[in-house]
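Structure file input.pdb (PDB, C-alpha atoms) is printed below.
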```
ATOM      1  CA  MET A  30      66.289 163.445 252.000
ATOM      2  CA  LYS A  31      64.326 160.974 249.954
ATOM      3  CA  SER A  32      61.781 163.562 248.854
ATOM      4  CA  ALA A  33      64.653 165.854 247.859
ATOM      5  CA  ILE A  34      65.862 163.201 245.486
ATOM      6  CA  VAL A  35      62.370 162.733 244.134
ATOM      7  CA  ILE A  36      62.041 166.460 243.536
ATOM      8  CA  LEU A  37      65.416 166.660 241.804
ATOM      9  CA  ALA A  38      64.707 163.552 239.742
ATOM     10  CA  GLY A  39      61.395 165.133 238.813
ATOM     11  CA  LEU A  40      63.234 168.276 237.777
ATOM     12  CA  CYS A  41      65.623 166.319 235.596
ATOM     13  CA  ALA A  42      62.910 164.228 233.994
ATOM     14  CA  ALA A  43      60.741 167.185 233.104
ATOM     15  CA  THR A  44      62.457 167.777 229.766
ATOM     16  CA  VAL A  45      59.327 168.490 227.812
ATOM     17  CA  GLN A  46      57.582 170.366 230.538
ATOM     18  CA  ALA A  47      58.429 174.030 230.642
ATOM     19  CA  ALA A  48      59.194 175.500 234.043
ATOM     20  CA  THR A  49      59.638 179.007 235.327
ATOM     21  CA  PRO A  50      62.804 180.277 237.019
ATOM     22  CA  ALA A  51      60.742 180.419 240.220
ATOM     23  CA  ASP A  52      59.909 176.689 239.917
ATOM     24  CA  LEU A  53      63.599 175.914 239.562
ATOM     25  CA  LEU A  54      64.472 178.005 242.583
ATOM     26  CA  THR A  55      61.786 176.265 244.640
ATOM     27  CA  GLY A  56      63.100 172.865 243.579
ATOM     28  CA  TYR A  57      66.710 173.578 244.571
ATOM     29  CA  HIS A  58      65.589 175.426 247.704
ATOM     30  CA  THR A  59      63.536 172.443 248.870
ATOM     31  CA  ALA A  60      66.347 169.998 248.079
ATOM     32  CA  ALA A  61      68.903 172.118 249.957
ATOM     33  CA  ALA A  62      66.598 172.585 252.954
ATOM     34  CA  GLN A  63      66.326 168.804 253.263
ATOM     35  CA  GLN A  64      70.099 168.644 253.601
ATOM     36  CA  THR A  65      70.479 171.696 255.835
ATOM     37  CA  ALA A  66      67.455 172.544 257.937
ATOM     38  CA  GLY A  67      66.404 176.187 257.630
ATOM     39  CA  PHE A  68      68.400 176.809 254.433
ATOM     40  CA  GLN A  69      67.437 180.040 252.684
ATOM     41  CA  PRO A  70      68.725 180.907 249.175
ATOM     42  CA  SER A  71      70.941 183.994 249.129
ATOM     43  CA  ALA A  72      71.470 186.108 246.023
ATOM     44  CA  GLN A  73      74.493 187.620 247.760
ATOM     45  CA  ARG A  74      76.182 184.237 248.185
ATOM     46  CA  GLY A  75      75.253 183.487 244.563
ATOM     47  CA  ALA A  76      76.948 186.699 243.428
ATOM     48  CA  ALA A  77      80.141 185.838 245.315
ATOM     49  CA  PHE A  78      80.075 182.342 243.815
ATOM     50  CA  HIS A  79      79.679 183.788 240.317
ATOM     51  CA  THR A  80      82.892 185.825 240.416
ATOM     52  CA  ARG A  81      84.965 183.579 242.679
ATOM     53  CA  ASN A  82      88.202 182.285 241.158
ATOM     54  CA  PHE A  83      88.226 178.615 242.105
ATOM     55  CA  GLY A  84      91.779 178.108 240.851
ATOM     56  CA  VAL A  85      90.879 174.782 239.248
ATOM     57  CA  SER A  86      91.251 175.789 235.616
ATOM     58  CA  ALA A  87      93.522 178.627 234.481
ATOM     59  CA  LYS A  88      91.349 179.545 231.499
ATOM     60  CA  LEU A  89      87.961 178.807 233.031
ATOM     61  CA  ALA A  90      88.695 180.432 236.377
ATOM     62  CA  SER A  91      85.171 181.519 237.325
ATOM     63  CA  CYS A  92      81.602 181.573 236.055
ATOM     64  CA  ALA A  93      82.263 185.199 235.111
ATOM     65  CA  SER A  94      85.034 184.094 232.700
ATOM     66  CA  CYS A  95      82.363 183.313 230.115
ATOM     67  CA  HIS A  96      79.238 184.960 231.529
ATOM     68  CA  THR A  97      80.914 188.299 232.488
ATOM     69  CA  ASP A  98      80.506 189.964 235.894
ATOM     70  CA  ASN A  99      76.924 190.825 235.013
ATOM     71  CA  PRO A 100      74.515 187.977 234.162
ATOM     72  CA  ALA A 101      72.206 190.438 232.410
ATOM     73  CA  GLN A 102      74.939 191.006 229.828
ATOM     74  CA  ALA A 103      75.897 188.825 226.875
ATOM     75  CA  GLY A 104      79.112 186.883 227.402
ATOM     76  CA  ARG A 105      81.682 185.089 225.300
ATOM     77  CA  HIS A 106      83.205 181.633 225.567
ATOM     78  CA  VAL A 107      86.790 182.392 226.702
ATOM     79  CA  VAL A 108      88.367 179.740 224.478
ATOM     80  CA  THR A 109      86.274 179.818 221.295
ATOM     81  CA  ASP A 110      85.019 183.422 221.523
ATOM     82  CA  LYS A 111      81.473 182.314 220.681
ATOM     83  CA  PRO A 112      78.874 184.852 221.908
ATOM     84  CA  ILE A 113      76.720 183.611 224.808
ATOM     85  CA  LYS A 114      73.321 185.178 225.429
ATOM     86  CA  PRO A 115      72.708 186.685 228.885
ATOM     87  CA  LEU A 116      71.959 184.231 231.709
ATOM     88  CA  ALA A 117      69.465 186.482 233.476
ATOM     89  CA  PRO A 118      65.845 185.687 232.569
ATOM     90  CA  ALA A 119      65.185 189.433 232.741
ATOM     91  CA  ALA A 120      67.434 189.866 229.704
ATOM     92  CA  ASN A 121      66.740 186.538 227.990
ATOM     93  CA  ALA A 122      63.340 184.938 228.547
ATOM     94  CA  GLU A 123      64.540 181.489 227.406
ATOM     95  CA  ARG A 124      66.823 181.115 230.411
ATOM     96  CA  LEU A 125      66.020 178.906 233.392
ATOM     97  CA  THR A 126      62.895 177.464 231.774
ATOM     98  CA  ASP A 127      64.193 173.984 230.908
ATOM     99  CA  PRO A 128      65.217 172.032 234.032
ATOM    100  CA  ALA A 129      67.164 169.390 232.086
ATOM    101  CA  LYS A 130      69.143 172.063 230.265
ATOM    102  CA  VAL A 131      69.913 173.902 233.483
ATOM    103  CA  GLU A 132      71.067 170.655 235.159
ATOM    104  CA  LYS A 133      73.259 169.809 232.154
ATOM    105  CA  TRP A 134      75.044 173.168 232.220
ATOM    106  CA  PHE A 135      75.426 173.194 235.993
ATOM    107  CA  LYS A 136      77.062 169.790 235.709
ATOM    108  CA  ARG A 137      79.454 170.842 232.927
ATOM    109  CA  ASN A 138      80.279 174.307 234.172
ATOM    110  CA  CYS A 139      80.633 173.332 237.825
ATOM    111  CA  THR A 140      82.957 170.402 237.105
ATOM    112  CA  GLU A 141      85.228 172.519 234.942
ATOM    113  CA  VAL A 142      85.229 175.686 237.067
ATOM    114  CA  VAL A 143      84.702 174.388 240.629
ATOM    115  CA  GLY A 144      86.246 170.952 240.056
ATOM    116  CA  ARG A 145      83.138 169.088 241.268
ATOM    117  CA  GLU A 146      79.391 169.170 240.841
ATOM    118  CA  CYS A 147      77.584 172.005 242.617
ATOM    119  CA  SER A 148      75.361 171.310 245.619
ATOM    120  CA  ALA A 149      71.634 172.033 245.653
ATOM    121  CA  ALA A 150      72.378 174.950 248.006
ATOM    122  CA  GLU A 151      74.904 176.470 245.577
ATOM    123  CA  LYS A 152      72.439 176.087 242.725
ATOM    124  CA  ALA A 153      69.639 177.708 244.746
ATOM    125  CA  ASP A 154      71.916 180.651 245.625
ATOM    126  CA  TYR A 155      73.009 180.957 242.020
ATOM    127  CA  ILE A 156      69.457 181.021 240.646
ATOM    128  CA  ALA A 157      68.448 183.544 243.304
ATOM    129  CA  TYR A 158      71.345 185.723 242.127
ATOM    130  CA  VAL A 159      70.744 185.358 238.387
ATOM    131  CA  THR A 160      67.030 186.038 238.709
ATOM    132  CA  GLY A 161      67.915 189.145 240.709
ATOM    133  CA  GLY A 162      65.784 187.882 243.571
ATOM    134  CA  ARG A 163      65.762 188.005 247.312
TER     135      ARG A 163
ATOM    136  CA  MET B  17      93.486 170.325 175.612
ATOM    137  CA  LYS B  18      95.933 170.580 178.439
ATOM    138  CA  ARG B  19      93.915 173.510 179.799
ATOM    139  CA  VAL B  20      90.725 171.483 179.808
ATOM    140  CA  LEU B  21      92.356 168.618 181.653
ATOM    141  CA  LEU B  22      93.685 170.936 184.308
ATOM    142  CA  PHE B  23      90.270 172.429 184.737
ATOM    143  CA  VAL B  24      88.688 169.029 185.176
ATOM    144  CA  ALA B  25      91.330 168.068 187.701
ATOM    145  CA  LEU B  26      90.497 171.138 189.781
ATOM    146  CA  LEU B  27      86.763 170.553 189.760
ATOM    147  CA  PRO B  28      86.483 168.108 192.651
ATOM    148  CA  LEU B  29      88.106 170.539 195.071
ATOM    149  CA  ALA B  30      86.063 173.507 193.943
ATOM    150  CA  ALA B  31      82.866 171.545 194.234
ATOM    151  CA  TYR B  32      83.772 170.451 197.704
ATOM    152  CA  ALA B  33      82.706 173.645 199.416
ATOM    153  CA  ASP B  34      79.292 173.330 197.817
ATOM    154  CA  ASP B  35      78.900 169.978 199.536
ATOM    155  CA  LEU B  36      79.204 171.916 202.755
ATOM    156  CA  ARG B  37      75.728 173.316 202.478
ATOM    157  CA  PRO B  38      73.961 173.031 205.837
ATOM    158  CA  LEU B  39      72.612 169.563 206.433
ATOM    159  CA  HIS B  40      68.870 169.804 206.650
ATOM    160  CA  ALA B  41      68.550 166.284 207.978
ATOM    161  CA  ALA B  42      70.556 167.191 211.081
ATOM    162  CA  PRO B  43      68.956 166.163 214.376
ATOM    163  CA  PRO B  44      67.946 169.215 216.471
ATOM    164  CA  ALA B  45      70.619 168.257 219.022
ATOM    165  CA  PHE B  46      73.329 169.002 216.445
ATOM    166  CA  GLN B  47      72.868 172.791 216.700
ATOM    167  CA  ALA B  48      71.656 172.752 220.292
ATOM    168  CA  GLU B  49      74.583 170.689 221.612
ATOM    169  CA  CYS B  50      77.472 170.989 219.181
ATOM    170  CA  GLY B  51      76.707 174.623 218.396
ATOM    171  CA  SER B  52      76.534 175.978 221.943
ATOM    172  CA  CYS B  53      80.231 176.599 222.708
ATOM    173  CA  HIS B  54      81.448 177.061 219.125
ATOM    174  CA  VAL B  55      79.779 176.905 215.720
ATOM    175  CA  ALA B  56      78.550 173.401 214.930
ATOM    176  CA  PHE B  57      81.397 172.165 212.716
ATOM    177  CA  PRO B  58      80.436 170.516 209.399
ATOM    178  CA  PRO B  59      80.657 166.714 209.881
ATOM    179  CA  GLN B  60      82.136 166.486 206.353
ATOM    180  CA  LEU B  61      85.380 168.034 207.606
ATOM    181  CA  MET B  62      86.654 165.073 209.631
ATOM    182  CA  ILE B  63      86.872 161.381 208.895
ATOM    183  CA  ALA B  64      84.611 158.860 210.644
ATOM    184  CA  ASP B  65      87.323 157.475 212.938
ATOM    185  CA  ASP B  66      88.168 160.956 214.169
ATOM    186  CA  TRP B  67      84.515 161.713 214.910
ATOM    187  CA  ARG B  68      84.287 158.480 216.893
ATOM    188  CA  ARG B  69      87.216 159.617 218.995
ATOM    189  CA  VAL B  70      85.652 163.033 219.561
ATOM    190  CA  MET B  71      82.284 161.527 220.435
ATOM    191  CA  SER B  72      83.683 158.954 222.857
ATOM    192  CA  SER B  73      85.400 161.533 225.071
ATOM    193  CA  LEU B  74      82.946 164.430 225.305
ATOM    194  CA  ASP B  75      83.404 164.884 229.050
ATOM    195  CA  LYS B  76      87.083 165.626 228.358
ATOM    196  CA  HIS B  77      86.740 167.812 225.300
ATOM    197  CA  TYR B  78      89.841 169.910 224.523
ATOM    198  CA  GLY B  79      89.902 171.234 228.083
ATOM    199  CA  ASP B  80      86.128 171.687 228.278
ATOM    200  CA  ASN B  81      83.301 169.408 229.415
ATOM    201  CA  ALA B  82      80.761 168.675 226.668
ATOM    202  CA  GLY B  83      79.323 165.543 228.308
ATOM    203  CA  LEU B  84      75.916 164.327 227.094
ATOM    204  CA  ASP B  85      73.373 161.710 228.059
ATOM    205  CA  GLU B  86      74.047 158.438 226.216
ATOM    206  CA  LYS B  87      71.022 158.607 223.931
ATOM    207  CA  THR B  88      71.847 162.068 222.562
ATOM    208  CA  ARG B  89      75.534 161.171 222.342
ATOM    209  CA  GLN B  90      74.790 158.111 220.226
ATOM    210  CA  THR B  91      72.408 160.040 217.945
ATOM    211  CA  LEU B  92      75.065 162.671 217.348
ATOM    212  CA  GLU B  93      77.869 160.149 216.852
ATOM    213  CA  ASP B  94      75.773 158.349 214.209
ATOM    214  CA  PHE B  95      75.023 161.642 212.503
ATOM    215  CA  HIS B  96      78.681 162.717 212.362
ATOM    216  CA  VAL B  97      79.884 159.310 211.189
ATOM    217  CA  ARG B  98      77.192 159.125 208.505
ATOM    218  CA  HIS B  99      78.253 162.457 206.985
ATOM    219  CA  ALA B 100      81.971 162.180 207.697
ATOM    220  CA  GLY B 101      84.561 163.190 205.100
ATOM    221  CA  GLY B 102      86.786 160.778 203.234
ATOM    222  CA  ARG B 103      90.406 160.461 202.095
ATOM    223  CA  LYS B 104      90.387 163.996 200.707
ATOM    224  CA  VAL B 105      90.005 165.334 204.240
ATOM    225  CA  GLY B 106      92.524 163.029 205.875
ATOM    226  CA  ALA B 107      93.045 162.198 209.532
ATOM    227  CA  GLY B 108      93.284 165.077 211.983
ATOM    228  CA  ARG B 109      96.368 165.504 214.113
ATOM    229  CA  THR B 110      96.216 165.956 217.843
ATOM    230  CA  ALA B 111      97.450 169.245 219.254
ATOM    231  CA  GLN B 112      98.049 167.976 222.788
ATOM    232  CA  ALA B 113      98.608 164.495 224.144
ATOM    233  CA  GLY B 114      95.348 162.912 225.293
ATOM    234  CA  GLU B 115      93.169 165.230 223.195
ATOM    235  CA  PRO B 116      90.941 164.042 220.359
ATOM    236  CA  PRO B 117      92.126 164.908 216.834
ATOM    237  CA  ARG B 118      91.445 168.420 215.578
ATOM    238  CA  LEU B 119      89.396 169.421 212.568
ATOM    239  CA  THR B 120      91.753 172.371 212.045
ATOM    240  CA  GLN B 121      94.671 169.911 211.872
ATOM    241  CA  THR B 122      93.640 167.854 208.857
ATOM    242  CA  ASP B 123      95.571 168.032 205.588
ATOM    243  CA  TRP B 124      92.439 169.362 203.906
ATOM    244  CA  PHE B 125      91.981 172.238 206.368
ATOM    245  CA  GLN B 126      95.637 173.232 206.232
ATOM    246  CA  ARG B 127      95.686 173.132 202.443
ATOM    247  CA  GLU B 128      92.441 175.092 202.091
ATOM    248  CA  HIS B 129      93.771 177.796 204.432
ATOM    249  CA  ARG B 130      97.388 177.902 203.239
ATOM    250  CA  LYS B 131      96.937 181.469 201.941
ATOM    251  CA  VAL B 132      95.687 182.759 205.283
ATOM    252  CA  SER B 133      98.553 184.685 206.842
ATOM    253  CA  ARG B 134      99.972 184.400 210.326
ATOM    254  CA  THR B 135      98.770 187.949 211.050
ATOM    255  CA  ASP B 136      95.209 186.881 210.296
ATOM    256  CA  TRP B 137      95.382 183.744 212.459
ATOM    257  CA  THR B 138      96.824 185.668 215.402
ATOM    258  CA  HIS B 139      94.455 188.655 215.102
ATOM    259  CA  GLU B 140      92.896 189.357 218.501
ATOM    260  CA  LYS B 141      89.409 188.725 217.113
ATOM    261  CA  VAL B 142      90.306 185.177 216.067
ATOM    262  CA  LYS B 143      91.648 183.627 219.321
ATOM    263  CA  THR B 144      91.664 180.098 217.816
ATOM    264  CA  PRO B 145      91.434 178.630 214.290
ATOM    265  CA  ALA B 146      88.316 176.836 215.556
ATOM    266  CA  ASN B 147      86.610 180.258 215.676
ATOM    267  CA  CYS B 148      85.371 179.820 212.098
ATOM    268  CA  ALA B 149      82.889 182.681 212.472
ATOM    269  CA  ALA B 150      85.748 185.163 212.903
ATOM    270  CA  CYS B 151      86.185 184.994 209.103
ATOM    271  CA  HIS B 152      83.273 182.958 207.741
ATOM    272  CA  THR B 153      80.413 185.329 208.486
ATOM    273  CA  LYS B 154      77.731 182.652 207.940
ATOM    274  CA  ALA B 155      79.522 179.825 209.756
ATOM    275  CA  ALA B 156      76.851 179.704 212.459
ATOM    276  CA  GLU B 157      74.418 178.661 209.706
ATOM    277  CA  GLY B 158      76.884 176.108 208.357
ATOM    278  CA  SER B 159      77.771 178.116 205.242
ATOM    279  CA  TYR B 160      81.409 178.674 204.173
ATOM    280  CA  ARG B 161      81.164 180.207 200.704
ATOM    281  CA  GLU B 162      84.112 182.343 199.654
ATOM    282  CA  ARG B 163      82.036 185.439 199.032
ATOM    283  CA  GLU B 164      80.904 185.372 202.665
ATOM    284  CA  ILE B 165      84.442 185.619 204.010
ATOM    285  CA  VAL B 166      85.371 188.840 205.817
ATOM    286  CA  MET B 167      88.811 188.791 207.389
ATOM    287  CA  PRO B 168      89.165 189.913 211.023
ATOM    288  CA  ASP B 169      90.583 193.307 210.002
ATOM    289  CA  GLY B 170      87.420 193.912 207.957
ATOM    290  CA  ARG B 171      88.766 193.312 204.443
ATOM    291  CA  ARG B 172      86.922 191.071 201.998
ATOM    292  CA  TRP B 173      88.817 187.988 200.890
ATOM    293  CA  LYS B 174      90.243 188.117 197.387
ATOM    294  CA  ASP B 175      92.051 185.083 196.143
TER     295      ASP B 175
END
```

Just give me the structure as C-alpha cells.
Amino acid sequence: MKSAIVILAGLCAATVQAATPADLLTGYHTAAAQQTAGFQPSAQRGAAFHTRNFGVSAKLASCASCHTDNPAQAGRHVVTDKPIKPLAPAANAERLTDPAKVEKWFKRNCTEVVGRECSAAEKADYIAYVTGGR
Amino acid sequence: MKRVLLFVALLPLAAYADDLRPLHAAPPAFQAECGSCHVAFPPQLMIADDWRRVMSSLDKHYGDNAGLDEKTRQTLEDFHVRHAGGRKVGAGRTAQAGEPPRLTQTDWFQREHRKVSRTDWTHEKVKTPANCAACHTKAAEGSYREREIVMPDGRRWKD
C-alpha cells in the first residue's frame, strides 16, 4: 500500500518529466494491484465505464457526453460546445503524456460525472481502453 | 461643433474593443487552464471583485469542476484582477443562486450585444452566450474585432 502511494505521488510530482501512456498504465496498474491482489487492467471494463450513465449530473451524464462514444474522435464540451481533441494517443500524440494533467482531469471529470474520485483500478481500466490496449 | 462633440463622446467605447487585444503577458496557465473548456475570456470584461468570486470557487464552477492547485489558482487570480475591467463594464449578475457572477451578464456585455437577435442567441450552434467562438471567429486567440464576426447562420455582421 505504501509503495502504491509513493508511485502515485511520484506520478503527480512528475510535472516536468514527460511520460508515455504505457508508463501511466503501469503506474495505475501497480497502485491498483496493491489494493486488490492480482488486479489486471481491462480495456473492456474501461469501455463500459466510458459510456456508463452514472446519473449524478443530468448534463454531464457520462464520459462520452463530452468525449463521444469513440475516444479516437474529437469531442465537444456539452455545455460550452468547445471542441475537444481526441483522447486516444493514437489520434492525438499529446494525450496521456503528462501525469499531472491526467490526474487533474481524472479528478475533475470523475467528481462531476461519477460523483467521487476514480480509483486506481478504474483509471488503469480507462487508460487500457483509451490506448486501445489489452 | 455638435457633431464633433458627439464623435468624441463615442470614442471611448469604440476604442474599447481595441484594448481587447490578446494579452501577451498572460501566464501560460491562462490558455492552458481557462481556455480548456471554453475560450479563455478576456480579463478586461469583468470587474476585479467578480473575478475574485470566480477564482475562489473554481471547484464549483457554473455546474462544472475547474479546480486548480493553489499556486496556479493564485497566479491566475492575480492575472485576472490586474487586468480587470472598470466601471464601464459593471458588476456581473448571477444567473443561478450560488453561482459566481457571469461575464455575459454585465451591463457592458448586454449593451454591446443589444443588436444581436433572439434567433441568433438561440441558434443551435450557439448553445450558450458564453460560446463566444460561435460568432467571434478569432475568439480562441482573444480577438473580437467586428470584421471577424460571422453569425451562426453564416452571414457576416453588418451594423

Just so the selection is clear, what residues does the ChimeraX specification (/A :<7) & /B cover here, as a PDB file with C-alpha atoms, in the frame of the given file?
```pdb
ATOM      1  CA  CYS B  53      80.231 176.599 222.708  1.00  0.00           C
ATOM      2  CA  HIS B  54      81.448 177.061 219.125  1.00  0.00           C
ATOM      3  CA  ASP B  80      86.128 171.687 228.278  1.00  0.00           C
ATOM      4  CA  ASN B  81      83.301 169.408 229.415  1.00  0.00           C
ATOM      5  CA  ALA B  82      80.761 168.675 226.668  1.00  0.00           C
ATOM      6  CA  LYS B 143      91.648 183.627 219.321  1.00  0.00           C
ATOM      7  CA  THR B 144      91.664 180.098 217.816  1.00  0.00           C
ATOM      8  CA  ALA B 146      88.316 176.836 215.556  1.00  0.00           C
ATOM      9  CA  ASN B 147      86.610 180.258 215.676  1.00  0.00           C
TER      10      ASN B 147
END
```

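Minimum distance to Thr88 (chain B) across B:Ala107, B:Val70, B:Ala100, B:Cys50 (counting all atoms listed in the file) occurs at B:Cys50.
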
request  = For each of B:Glu86, B:Arg103, B:Val55, B:Thr110, take the minimum atom-to-atom distance to Thr153 (chain B), counting only C-alpha atoms, then give the residue where this is smallest.
outcome  = B:Val55

ask   = the PyMOL selection byres ((chain A and resi 81) around 9) on the file shown: which residues, as a ChimeraX atom specification?
value = /A:76-80,82-84,90-93

query = Taking (79.0, 175.9, 242.9) in the file's coordinates as the center, which residues reach within 8 Å of it, counting only C-alpha atoms, put as a ChimeraX atom specification?
reply = /A:78,139,143,146-148,151-152,155

remark   = Residue with the minimum atom-to-atom distance to Phe135 (chain A), picked from A:Ala103, A:Ile156, A:Gln69, A:Ala60 with all atoms listed in the file counted, is A:Ile156

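For the structure shown here, the set of residues caught by the PyMOL selection byres ((chain B and resi 167) around 10) is Val132, Asp136, Trp137, His139, Lys141, Val142, Ala149, Ala150, Cys151, His152, Thr153, Glu164, Ile165, Val166, Pro168, Asp169, Gly170, Arg171, Arg172 and Trp173 of chain B.
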
query = What does the distance from CA of Thr120 (chain B) to CA of Cys95 (chain A) come to in Å, to one decimal?
reply = 23.1 Å

task = For each of B:Lys174, B:Thr135, B:Thr91, B:His96, take the minimum atom-to-atom distance to Phe57 (chain B), counting only C-alpha atoms, then give the residue where this is smallest.
result = B:His96

ask   = From the list B:Pro58, B:Pro44, B:Gly51, B:Pro117, which residue is nearest Arg98 (chain B) when using only C-alpha atoms?
value = B:Pro58

d(CA of Gly101 (chain B), CA of Ser133 (chain B)) in Å = 25.7 Å

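Straight-line separation from CA of Leu119 (chain B) to CA of Ala41 (chain B): 21.6 Å.
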
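In this comparison, which uses only C-alpha atoms, the residue of A:Ala61, A:Ala149, A:Ala129, A:Val159 approaching Asp98 (chain A) most closely is A:Val159.
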
task = Using only C-alpha atoms, find all polymer residues with an atom at most 8 Å away from the point (70.3, 189.5, 231.1); report them as JSON, numbers by chain.
result = {"A": [99, 100, 101, 102, 103, 114, 115, 116, 117, 118, 119, 120, 121]}

message = Quick one: residues within 12 Å of Arg109 (chain B), all atoms listed in the file, excluding same-chain residues fewer than 2 positions away - as a PyMOL selection string?
response = chain B and resi 62-63+66+69+105-107+111-126
